[in-house]
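Chemist: Next up, run34.txt (compact mmCIF, C-alpha atoms).
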```
# COMPACT_ATOMS: atom_id res chain seq x y z
CA MET A 86 -54.00 54.95 -71.99
CA GLU A 87 -53.34 51.46 -73.37
CA LYS A 88 -56.12 50.41 -75.72
CA VAL A 89 -58.17 47.34 -74.85
CA ILE A 90 -58.69 45.13 -77.90
CA ILE A 91 -60.96 42.12 -78.44
CA ILE A 92 -60.07 39.83 -81.35
CA THR A 93 -62.49 37.05 -82.24
CA GLY A 94 -61.12 33.87 -83.79
CA ALA A 95 -57.64 34.71 -82.56
CA SER A 96 -56.17 31.24 -82.07
CA ARG A 97 -54.98 30.78 -85.65
CA GLY A 98 -54.28 32.49 -88.97
CA ILE A 99 -54.81 36.22 -89.34
CA GLY A 100 -56.37 36.53 -85.89
CA ARG A 101 -53.39 34.91 -84.20
CA GLU A 102 -50.82 37.04 -86.04
CA THR A 103 -52.82 40.17 -85.27
CA ALA A 104 -53.03 39.28 -81.58
CA LYS A 105 -49.25 38.87 -81.42
CA PHE A 106 -48.56 42.06 -83.38
CA LEU A 107 -50.89 44.24 -81.29
CA ALA A 108 -49.78 42.71 -77.98
CA ARG A 109 -46.17 43.47 -78.88
CA LYS A 110 -47.23 47.07 -79.52
CA GLY A 111 -48.31 47.28 -75.89
CA TYR A 112 -52.07 46.96 -76.26
CA LYS A 113 -54.24 44.94 -73.88
CA VAL A 114 -55.37 42.04 -76.06
CA ILE A 115 -58.22 39.65 -75.37
CA ALA A 116 -57.82 36.72 -77.77
CA ASN A 117 -61.07 34.86 -78.29
CA TYR A 118 -61.22 31.22 -79.35
CA ASN A 119 -63.91 28.57 -79.49
CA LYS A 120 -62.63 25.07 -80.31
CA SER A 121 -58.87 25.66 -80.50
CA GLU A 122 -58.08 25.91 -76.81
CA GLU A 123 -54.65 24.33 -77.18
CA LYS A 124 -53.60 26.79 -79.87
CA ALA A 125 -54.89 29.71 -77.78
CA LYS A 126 -52.85 28.56 -74.80
CA GLU A 127 -49.80 28.15 -77.04
CA LEU A 128 -50.26 31.76 -78.18
CA GLN A 129 -50.48 32.94 -74.59
CA LYS A 130 -47.34 30.99 -73.63
CA GLU A 131 -45.41 32.25 -76.65
CA LEU A 132 -46.04 35.86 -75.68
CA LYS A 133 -45.39 35.20 -72.00
CA LYS A 134 -41.83 34.20 -72.93
CA GLU A 135 -41.49 37.79 -74.17
CA ASN A 136 -42.94 39.08 -70.89
CA ILE A 137 -46.16 40.01 -72.68
CA GLU A 138 -49.48 39.13 -71.04
CA ILE A 139 -52.65 38.56 -73.04
CA ASP A 140 -56.05 37.21 -72.05
CA ILE A 141 -57.57 34.22 -73.82
CA PHE A 142 -61.33 33.74 -73.62
CA LYS A 143 -63.47 30.86 -74.86
CA ALA A 144 -66.69 31.91 -76.55
CA ASP A 145 -68.76 30.73 -79.50
CA VAL A 146 -69.44 34.16 -80.98
CA SER A 147 -72.19 32.77 -83.19
CA LYS A 148 -74.30 32.75 -80.01
CA ARG A 149 -75.61 35.96 -78.43
CA THR A 150 -75.11 34.88 -74.81
CA GLU A 151 -71.45 34.05 -75.43
CA CYS A 152 -70.88 37.37 -77.21
CA ILE A 153 -72.26 39.09 -74.12
CA ASN A 154 -69.97 37.04 -71.89
CA LEU A 155 -66.90 38.02 -73.92
CA VAL A 156 -67.75 41.72 -73.87
CA GLU A 157 -68.58 41.63 -70.15
CA PHE A 158 -65.22 39.98 -69.42
CA ALA A 159 -63.45 42.93 -71.04
CA ILE A 160 -65.58 45.49 -69.21
CA LYS A 161 -65.19 43.82 -65.81
CA LYS A 162 -61.42 43.50 -66.16
CA TYR A 163 -60.49 46.70 -68.02
CA LYS A 164 -63.60 48.92 -67.64
CA ARG A 165 -63.61 49.69 -71.37
CA ILE A 166 -63.35 48.32 -74.93
CA ASP A 167 -61.42 50.47 -77.39
CA VAL A 168 -61.19 48.13 -80.37
CA LEU A 169 -63.25 45.18 -81.58
CA ILE A 170 -61.77 43.07 -84.38
CA ASN A 171 -64.40 40.73 -85.85
CA ASN A 172 -62.18 38.05 -87.34
CA ALA A 173 -63.96 34.74 -86.59
CA GLY A 174 -64.90 32.92 -89.75
CA ILE A 175 -65.07 29.69 -91.70
CA SER A 176 -65.05 28.81 -95.39
CA ILE A 177 -67.21 26.26 -97.20
CA TYR A 178 -66.15 25.24 -100.70
CA GLY A 179 -68.60 23.63 -103.10
CA LEU A 180 -71.35 24.15 -105.63
CA PHE A 181 -74.01 26.61 -104.47
CA THR A 182 -76.81 24.27 -105.59
CA GLU A 183 -75.45 21.57 -103.30
CA MET A 184 -75.10 23.69 -100.16
CA THR A 185 -77.32 22.29 -97.41
CA GLU A 186 -79.45 24.45 -95.17
CA GLN A 187 -77.28 23.40 -92.25
CA GLN A 188 -74.11 24.55 -94.03
CA LEU A 189 -75.67 27.87 -95.00
CA ASP A 190 -76.94 28.42 -91.48
CA GLU A 191 -73.52 27.64 -89.98
CA ILE A 192 -71.53 29.99 -92.22
CA MET A 193 -74.04 32.81 -91.83
CA LYS A 194 -73.94 32.54 -88.04
CA ILE A 195 -70.16 32.30 -87.71
CA ASN A 196 -69.10 34.75 -90.41
CA LEU A 197 -71.85 37.38 -90.40
CA TYR A 198 -74.12 37.14 -87.37
CA SER A 199 -71.14 36.96 -85.01
CA ALA A 200 -69.87 40.29 -86.34
CA ILE A 201 -73.34 41.80 -86.03
CA MET A 202 -73.86 40.60 -82.46
CA MET A 203 -70.34 41.42 -81.23
CA SER A 204 -70.62 44.89 -82.77
CA GLN A 205 -73.98 45.46 -81.08
CA GLU A 206 -72.68 44.46 -77.66
CA ALA A 207 -69.35 46.31 -77.91
CA ALA A 208 -70.88 49.44 -79.46
CA LYS A 209 -73.08 50.01 -76.41
CA HIS A 210 -69.95 50.56 -74.32
CA MET A 211 -68.12 52.49 -77.03
CA ILE A 212 -71.04 54.92 -77.29
CA ASN A 213 -70.85 55.56 -73.54
CA GLN A 214 -67.08 56.07 -73.87
CA LYS A 215 -67.62 58.48 -76.78
CA GLY A 216 -65.05 56.62 -78.82
CA GLY A 217 -63.97 53.30 -80.24
CA CYS A 218 -63.01 51.32 -83.31
CA ILE A 219 -64.57 48.29 -84.99
CA ILE A 220 -62.58 46.41 -87.63
CA ASN A 221 -64.36 43.71 -89.61
CA ILE A 222 -62.27 41.12 -91.43
CA SER A 223 -63.88 40.68 -94.83
CA SER A 224 -62.42 39.28 -98.07
CA ILE A 225 -61.85 40.14 -101.70
CA TRP A 226 -64.63 37.64 -102.37
CA GLY A 227 -67.03 39.99 -100.63
CA MET A 228 -66.01 42.60 -103.21
CA VAL A 229 -65.98 40.55 -106.41
CA GLY A 230 -67.51 37.14 -105.56
CA ALA A 231 -66.03 33.66 -105.94
CA SER A 232 -67.28 30.64 -107.84
CA CYS A 233 -67.84 27.65 -105.55
CA GLU A 234 -67.61 29.98 -102.55
CA VAL A 235 -70.95 31.70 -102.97
CA ALA A 236 -72.05 31.36 -99.35
CA TYR A 237 -68.69 32.68 -98.12
CA SER A 238 -68.89 35.59 -100.58
CA ILE A 239 -72.40 36.44 -99.38
CA THR A 240 -71.25 36.66 -95.75
CA LYS A 241 -68.28 38.85 -96.61
CA ALA A 242 -70.39 41.18 -98.76
CA GLY A 243 -72.72 41.42 -95.76
CA ILE A 244 -69.75 42.33 -93.54
CA ASP A 245 -68.89 45.20 -95.90
CA GLY A 246 -72.50 46.40 -95.88
CA LEU A 247 -72.49 46.31 -92.09
CA THR A 248 -69.26 48.31 -92.06
CA LYS A 249 -70.53 51.11 -94.29
CA ALA A 250 -73.91 51.52 -92.60
CA LEU A 251 -72.58 51.23 -89.06
CA ALA A 252 -69.84 53.77 -89.76
CA LYS A 253 -72.55 56.34 -90.55
CA GLU A 254 -74.60 55.47 -87.47
CA LEU A 255 -71.73 55.39 -84.99
CA GLY A 256 -69.63 58.22 -86.43
CA PRO A 257 -71.30 60.91 -84.28
CA SER A 258 -70.17 58.93 -81.21
CA ASN A 259 -66.56 59.07 -82.46
CA ILE A 260 -66.57 55.37 -83.33
CA ARG A 261 -64.82 54.30 -86.53
CA VAL A 262 -65.90 51.18 -88.44
CA ASN A 263 -63.86 49.70 -91.29
CA SER A 264 -63.41 46.43 -93.19
CA VAL A 265 -60.14 44.77 -94.07
CA ALA A 266 -60.66 42.58 -97.14
CA PRO A 267 -57.56 40.41 -97.67
CA GLY A 268 -56.61 38.77 -100.92
CA THR A 269 -55.13 35.27 -100.94
CA ILE A 270 -53.22 34.85 -97.69
CA ASP A 271 -51.03 31.92 -96.68
CA THR A 272 -53.22 30.59 -93.86
CA GLU A 273 -54.85 27.32 -92.87
CA MET A 274 -58.07 28.45 -94.57
CA ASN A 275 -56.21 28.37 -97.92
CA SER A 276 -54.34 25.14 -97.20
CA ASN A 277 -56.52 23.37 -99.79
CA LEU A 278 -54.65 25.19 -102.58
CA THR A 279 -52.10 23.06 -104.39
CA GLU A 280 -48.61 24.42 -105.13
CA GLU A 281 -49.65 24.79 -108.76
CA GLU A 282 -52.73 26.80 -107.78
CA LYS A 283 -50.62 29.02 -105.52
CA LYS A 284 -48.25 29.70 -108.40
CA GLU A 285 -51.21 30.62 -110.63
CA VAL A 286 -52.41 33.13 -108.01
CA GLU A 287 -48.91 34.58 -107.78
CA MET A 288 -48.74 34.97 -111.57
CA GLU A 289 -52.12 36.75 -111.59
CA THR A 290 -51.07 39.12 -108.80
CA PRO A 291 -49.20 42.30 -109.85
CA LEU A 292 -46.86 42.03 -106.84
CA GLY A 293 -46.18 38.41 -107.77
CA LYS A 294 -46.74 36.87 -104.37
CA ILE A 295 -49.31 35.53 -101.92
CA GLY A 296 -49.83 37.56 -98.76
CA LYS A 297 -48.81 36.60 -95.24
CA PRO A 298 -50.86 37.04 -92.04
CA ILE A 299 -48.42 39.71 -90.88
CA ASP A 300 -49.38 41.83 -93.91
CA ILE A 301 -52.97 41.91 -92.68
CA ALA A 302 -51.93 42.47 -89.07
CA LYS A 303 -50.05 45.60 -90.14
CA THR A 304 -53.13 46.91 -91.97
CA ILE A 305 -55.26 46.27 -88.90
CA ASN A 306 -52.71 48.04 -86.71
CA TRP A 307 -52.91 51.11 -88.94
CA LEU A 308 -56.69 51.20 -88.53
CA VAL A 309 -56.33 50.82 -84.76
CA GLU A 310 -54.06 53.87 -84.65
CA ASP A 311 -55.84 55.95 -87.31
CA GLU A 312 -58.30 58.67 -86.28
CA PHE A 313 -59.99 59.77 -89.51
CA THR A 314 -60.77 56.67 -91.60
CA THR A 315 -64.23 55.15 -91.35
CA GLY A 316 -66.74 53.31 -93.53
CA GLN A 317 -64.00 51.97 -95.81
CA VAL A 318 -63.25 48.56 -97.28
CA ILE A 319 -59.46 48.33 -97.40
CA SER A 320 -58.11 45.42 -99.41
CA PRO A 321 -54.48 44.28 -99.03
CA ASN A 322 -54.36 41.90 -101.99
CA GLY A 323 -51.13 42.56 -103.89
CA GLY A 324 -53.07 44.28 -106.67
CA TRP A 325 -55.06 41.14 -107.56
CA VAL A 326 -58.24 43.21 -107.27
CA ILE A 327 -58.08 46.90 -108.06
CA ILE A 328 -61.33 48.87 -107.88
```
Go through the file and emit its structure as structure tokens.

Modeler:
Amino acid sequence: MEKVIIITGASRGIGRETAKFLARKGYKVIANYNKSEEKAKELQKELKKENIEIDIFKADVSKRTECINLVEFAIKKYKRIDVLINNAGISIYGLFTEMTEQQLDEIMKINLYSAIMMSQEAAKHMINQKGGCIINISSIWGMVGASCEVAYSITKAGIDGLTKALAKELGPSNIRVNSVAPGTIDTEMNSNLTEEEKKEVEMETPLGKIGKPIDIAKTINWLVEDEFTTGQVISPNGGWVII
């Protein structure tokens, strides 16, 4: 049976590359977007040229009702959800003491609460199916913290805590829950890095390079296919962080 996969924040970056990779593997992919409708449609058209069909679905996953709508779309169309990839996220750079309540509220809702709510809604169906897989996209900053990205680091550490606890709770229902915590990846989120800063990261990384979205997509694909890994934080980071 072809697995049905929901990917949040799939119109760009890691989410987009993952959607393409998994769709090309033959999975039924539902690519969620919120504001980037044009990019989502471009993704759909790109794959259609390869005779690959994917669904795109608009939902603000920081809101419970829209999480429910996304999950219900999958259930109505495919009767099941096999994999949920919680990828939606934003980054806010700046001094912690200058973060406004509005900024903190926004990043908590988009990065952390969305993963909590989507996992709650999808898990209900996975429990009934007696099987499933939840993959949370975290970050090395959730593992080690980042200066001037304190709020972002908090949300990603929360994602990893969610992963570990939920893996224990859902394991008896044959549901695996893991985090993927990328290092520095060449995406729009890191477009603020200058060429000099990128070179510094490369020099500090044992493999001597910055990662690409496809590197993360391959890690996610492994977790989709795996049957015995759960509760883990897996960090493709070129050796920049080794714990």

Chemist: Which one of A:Thr240, A:Asp271, A:Ile295, A:Gly217 sits closest to A:Leu308 if you count only C-alpha atoms?

Modeler: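 The answer is A:Gly217, which sits nearest to A:Leu308.
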
Chemist: What's around A:Gly256 at 12 Å? Count all atoms listed in the file, leave out sequence neighbours fewer than 5 positions away in its own chain, and write the answer as a PDB file with C-alpha atoms, in the coordinates of the input.

Modeler:
```pdb
ATOM      1  CA  ALA A 208     -70.880  49.440 -79.460  1.00  0.00           C
ATOM      2  CA  MET A 211     -68.120  52.490 -77.030  1.00  0.00           C
ATOM      3  CA  ILE A 212     -71.040  54.920 -77.290  1.00  0.00           C
ATOM      4  CA  LYS A 215     -67.620  58.480 -76.780  1.00  0.00           C
ATOM      5  CA  GLY A 216     -65.050  56.620 -78.820  1.00  0.00           C
ATOM      6  CA  GLY A 217     -63.970  53.300 -80.240  1.00  0.00           C
ATOM      7  CA  CYS A 218     -63.010  51.320 -83.310  1.00  0.00           C
ATOM      8  CA  ILE A 219     -64.570  48.290 -84.990  1.00  0.00           C
ATOM      9  CA  THR A 248     -69.260  48.310 -92.060  1.00  0.00           C
ATOM     10  CA  LYS A 249     -70.530  51.110 -94.290  1.00  0.00           C
ATOM     11  CA  ALA A 250     -73.910  51.520 -92.600  1.00  0.00           C
ATOM     12  CA  LEU A 251     -72.580  51.230 -89.060  1.00  0.00           C
ATOM     13  CA  ARG A 261     -64.820  54.300 -86.530  1.00  0.00           C
ATOM     14  CA  VAL A 262     -65.900  51.180 -88.440  1.00  0.00           C
ATOM     15  CA  ASN A 263     -63.860  49.700 -91.290  1.00  0.00           C
ATOM     16  CA  GLU A 312     -58.300  58.670 -86.280  1.00  0.00           C
ATOM     17  CA  PHE A 313     -59.990  59.770 -89.510  1.00  0.00           C
ATOM     18  CA  THR A 314     -60.770  56.670 -91.600  1.00  0.00           C
ATOM     19  CA  THR A 315     -64.230  55.150 -91.350  1.00  0.00           C
ATOM     20  CA  GLY A 316     -66.740  53.310 -93.530  1.00  0.00           C
TER      21      GLY A 316
END
```

Chemist: Quick one: distance from atom CA of A:Gln205 to atom CA of A:Phe142 in Å, one decimal?

Modeler: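 Calculated distance between atom CA of A:Gln205 and atom CA of A:Phe142 is 18.8 Å.
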
Chemist: Distance atom CA of A:Thr269-atom CA of A:Gly296, one decimal place?

Modeler: 6.2 Å

Chemist: I'd like the contact shell of A:Ile115 - 9 Å cut-off, only C-alpha atoms, skipping same-chain residues fewer than 3 positions apart - returned as a PDB file with C-alpha atoms, in the frame of the given file.

Modeler:
```
ATOM      1  CA  VAL A  89     -58.170  47.340 -74.850  1.00  0.00           C
ATOM      2  CA  ILE A  90     -58.690  45.130 -77.900  1.00  0.00           C
ATOM      3  CA  ILE A  91     -60.960  42.120 -78.440  1.00  0.00           C
ATOM      4  CA  ILE A  92     -60.070  39.830 -81.350  1.00  0.00           C
ATOM      5  CA  THR A  93     -62.490  37.050 -82.240  1.00  0.00           C
ATOM      6  CA  ALA A  95     -57.640  34.710 -82.560  1.00  0.00           C
ATOM      7  CA  ALA A 104     -53.030  39.280 -81.580  1.00  0.00           C
ATOM      8  CA  ILE A 139     -52.650  38.560 -73.040  1.00  0.00           C
ATOM      9  CA  ASP A 140     -56.050  37.210 -72.050  1.00  0.00           C
ATOM     10  CA  ILE A 141     -57.570  34.220 -73.820  1.00  0.00           C
ATOM     11  CA  PHE A 142     -61.330  33.740 -73.620  1.00  0.00           C
ATOM     12  CA  LEU A 155     -66.900  38.020 -73.920  1.00  0.00           C
ATOM     13  CA  ALA A 159     -63.450  42.930 -71.040  1.00  0.00           C
TER      14      ALA A 159
END
```

Chemist: Pick the closest to A:Ile305 from A:Leu107, A:Arg101, A:Ala252, A:Lys164: which is it, counting all atoms listed in the file?

Modeler: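 Checking each candidate against A:Ile305, we get A:Leu107 as the closest.
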
Chemist: So that I can see what lies close to A:Asn136, please list as a ChimeraX atom specification the residues with an atom at most 10 Å from it, counting only C-alpha atoms and leaving out residues fewer than 5 positions away in the same chain.

Modeler: /A:109,130-131

Chemist: Of the residues A:Ala116, A:Ala108, A:Ile301, A:Ile166, which is the one nearest to A:Ala144, using all atoms listed in the file?

Modeler: A:Ala116

Chemist: What does the distance from atom CA of A:Ser176 to atom CA of A:Gly230 come to in Å, to one decimal?

Modeler: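 Taking atom CA of A:Ser176 as the start and atom CA of A:Gly230 as the end point, the length is 13.4 Å.
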
Chemist: Can you list, as a list in words, every protein, DNA or RNA residue that comes within 9 Å of A:Leu292 when you count all atoms listed in the file, leaving out same-chain residues fewer than 6 positions away?

Modeler: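 My reading of the contact set: Asn322, Gly323, Gly324 and Trp325 of chain A.
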
Chemist: Could you check which of A:Ile177, A:Met184, A:Asp245, A:Ser258 is closest to A:Ala231, using only C-alpha atoms?

Modeler: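 Among A:Ile177, A:Met184, A:Asp245, A:Ser258, it is A:Ile177 that comes nearest to A:Ala231.
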
Chemist: For A:Glu183, please output as a list in words all residues within 12 Å (counting only C-alpha atoms; exclusion window: fewer than 3 positions along the same chain).

Modeler: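 Residues meeting the cut-off are Ile177, Tyr178, Gly179, Leu180, Glu186, Gln187, Gln188, Leu189, Cys233, Glu234, Val235 and Ala236 of chain A.
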
Chemist: Store the residues picked out above, limited to C-alpha atoms, as a PDB file, in the coordinates of the input.

Modeler:
```pdb
ATOM      1  CA  ILE A 177     -67.210  26.260 -97.200  1.00  0.00           C
ATOM      2  CA  TYR A 178     -66.150  25.240-100.700  1.00  0.00           C
ATOM      3  CA  GLY A 179     -68.600  23.630-103.100  1.00  0.00           C
ATOM      4  CA  LEU A 180     -71.350  24.150-105.630  1.00  0.00           C
ATOM      5  CA  GLU A 186     -79.450  24.450 -95.170  1.00  0.00           C
ATOM      6  CA  GLN A 187     -77.280  23.400 -92.250  1.00  0.00           C
ATOM      7  CA  GLN A 188     -74.110  24.550 -94.030  1.00  0.00           C
ATOM      8  CA  LEU A 189     -75.670  27.870 -95.000  1.00  0.00           C
ATOM      9  CA  CYS A 233     -67.840  27.650-105.550  1.00  0.00           C
ATOM     10  CA  GLU A 234     -67.610  29.980-102.550  1.00  0.00           C
ATOM     11  CA  VAL A 235     -70.950  31.700-102.970  1.00  0.00           C
ATOM     12  CA  ALA A 236     -72.050  31.360 -99.350  1.00  0.00           C
TER      13      ALA A 236
END
```

Chemist: Could you give me stretch 162-183 of chain A completed to N, CA and C atoms, formatted as a PDB file, keeping the file's coordinate frame?

Modeler:
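Written out: out02.pdb:
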```
ATOM      1  N   LYS A 162     -62.857  43.486 -66.421  1.00  0.00           N
ATOM      2  CA  LYS A 162     -61.420  43.500 -66.160  1.00  0.00           C
ATOM      3  C   LYS A 162     -60.779  44.851 -66.450  1.00  0.00           C
ATOM      4  N   TYR A 163     -61.189  45.484 -67.566  1.00  0.00           N
ATOM      5  CA  TYR A 163     -60.490  46.700 -68.020  1.00  0.00           C
ATOM      6  C   TYR A 163     -61.360  47.965 -67.996  1.00  0.00           C
ATOM      7  N   LYS A 164     -62.663  47.789 -67.743  1.00  0.00           N
ATOM      8  CA  LYS A 164     -63.600  48.920 -67.640  1.00  0.00           C
ATOM      9  C   LYS A 164     -63.892  49.611 -68.973  1.00  0.00           C
ATOM     10  N   ARG A 165     -63.375  49.051 -70.080  1.00  0.00           N
ATOM     11  CA  ARG A 165     -63.610  49.690 -71.370  1.00  0.00           C
ATOM     12  C   ARG A 165     -63.264  48.709 -72.502  1.00  0.00           C
ATOM     13  N   ILE A 166     -63.749  49.023 -73.704  1.00  0.00           N
ATOM     14  CA  ILE A 166     -63.350  48.320 -74.930  1.00  0.00           C
ATOM     15  C   ILE A 166     -63.039  49.406 -75.950  1.00  0.00           C
ATOM     16  N   ASP A 167     -61.812  49.443 -76.412  1.00  0.00           N
ATOM     17  CA  ASP A 167     -61.420  50.470 -77.390  1.00  0.00           C
ATOM     18  C   ASP A 167     -61.507  49.972 -78.819  1.00  0.00           C
ATOM     19  N   VAL A 168     -61.213  48.691 -79.013  1.00  0.00           N
ATOM     20  CA  VAL A 168     -61.190  48.130 -80.370  1.00  0.00           C
ATOM     21  C   VAL A 168     -61.819  46.742 -80.368  1.00  0.00           C
ATOM     22  N   LEU A 169     -62.702  46.513 -81.335  1.00  0.00           N
ATOM     23  CA  LEU A 169     -63.250  45.180 -81.580  1.00  0.00           C
ATOM     24  C   LEU A 169     -62.817  44.763 -82.972  1.00  0.00           C
ATOM     25  N   ILE A 170     -62.162  43.610 -83.075  1.00  0.00           N
ATOM     26  CA  ILE A 170     -61.770  43.070 -84.380  1.00  0.00           C
ATOM     27  C   ILE A 170     -62.576  41.793 -84.614  1.00  0.00           C
ATOM     28  N   ASN A 171     -63.536  41.874 -85.523  1.00  0.00           N
ATOM     29  CA  ASN A 171     -64.400  40.730 -85.850  1.00  0.00           C
ATOM     30  C   ASN A 171     -63.709  39.883 -86.913  1.00  0.00           C
ATOM     31  N   ASN A 172     -62.996  38.864 -86.446  1.00  0.00           N
ATOM     32  CA  ASN A 172     -62.180  38.050 -87.340  1.00  0.00           C
ATOM     33  C   ASN A 172     -62.694  36.614 -87.480  1.00  0.00           C
ATOM     34  N   ALA A 173     -63.503  36.140 -86.556  1.00  0.00           N
ATOM     35  CA  ALA A 173     -63.960  34.740 -86.590  1.00  0.00           C
ATOM     36  C   ALA A 173     -64.640  34.424 -87.915  1.00  0.00           C
ATOM     37  N   GLY A 174     -64.280  33.287 -88.481  1.00  0.00           N
ATOM     38  CA  GLY A 174     -64.900  32.920 -89.750  1.00  0.00           C
ATOM     39  C   GLY A 174     -64.516  31.534 -90.211  1.00  0.00           C
ATOM     40  N   ILE A 175     -65.356  30.979 -91.083  1.00  0.00           N
ATOM     41  CA  ILE A 175     -65.070  29.690 -91.700  1.00  0.00           C
ATOM     42  C   ILE A 175     -65.317  29.817 -93.204  1.00  0.00           C
ATOM     43  N   SER A 176     -64.826  28.841 -93.950  1.00  0.00           N
ATOM     44  CA  SER A 176     -65.050  28.810 -95.390  1.00  0.00           C
ATOM     45  C   SER A 176     -65.656  27.470 -95.773  1.00  0.00           C
ATOM     46  N   ILE A 177     -66.619  27.495 -96.674  1.00  0.00           N
ATOM     47  CA  ILE A 177     -67.210  26.260 -97.200  1.00  0.00           C
ATOM     48  C   ILE A 177     -67.082  26.290 -98.712  1.00  0.00           C
ATOM     49  N   TYR A 178     -66.396  25.297 -99.259  1.00  0.00           N
ATOM     50  CA  TYR A 178     -66.150  25.240-100.700  1.00  0.00           C
ATOM     51  C   TYR A 178     -67.059  24.188-101.337  1.00  0.00           C
ATOM     52  N   GLY A 179     -67.731  24.586-102.410  1.00  0.00           N
ATOM     53  CA  GLY A 179     -68.600  23.630-103.100  1.00  0.00           C
ATOM     54  C   GLY A 179     -69.637  24.344-103.950  1.00  0.00           C
ATOM     55  N   LEU A 180     -70.332  23.577-104.753  1.00  0.00           N
ATOM     56  CA  LEU A 180     -71.350  24.150-105.630  1.00  0.00           C
ATOM     57  C   LEU A 180     -72.498  24.737-104.804  1.00  0.00           C
ATOM     58  N   PHE A 181     -72.944  25.914-105.185  1.00  0.00           N
ATOM     59  CA  PHE A 181     -74.010  26.610-104.470  1.00  0.00           C
ATOM     60  C   PHE A 181     -75.279  25.762-104.420  1.00  0.00           C
ATOM     61  N   THR A 182     -75.578  25.073-105.525  1.00  0.00           N
ATOM     62  CA  THR A 182     -76.810  24.270-105.590  1.00  0.00           C
ATOM     63  C   THR A 182     -76.764  23.054-104.675  1.00  0.00           C
ATOM     64  N   GLU A 183     -75.577  22.736-104.177  1.00  0.00           N
ATOM     65  CA  GLU A 183     -75.450  21.570-103.300  1.00  0.00           C
ATOM     66  C   GLU A 183     -75.240  21.951-101.831  1.00  0.00           C
TER      67      GLU A 183
END
```
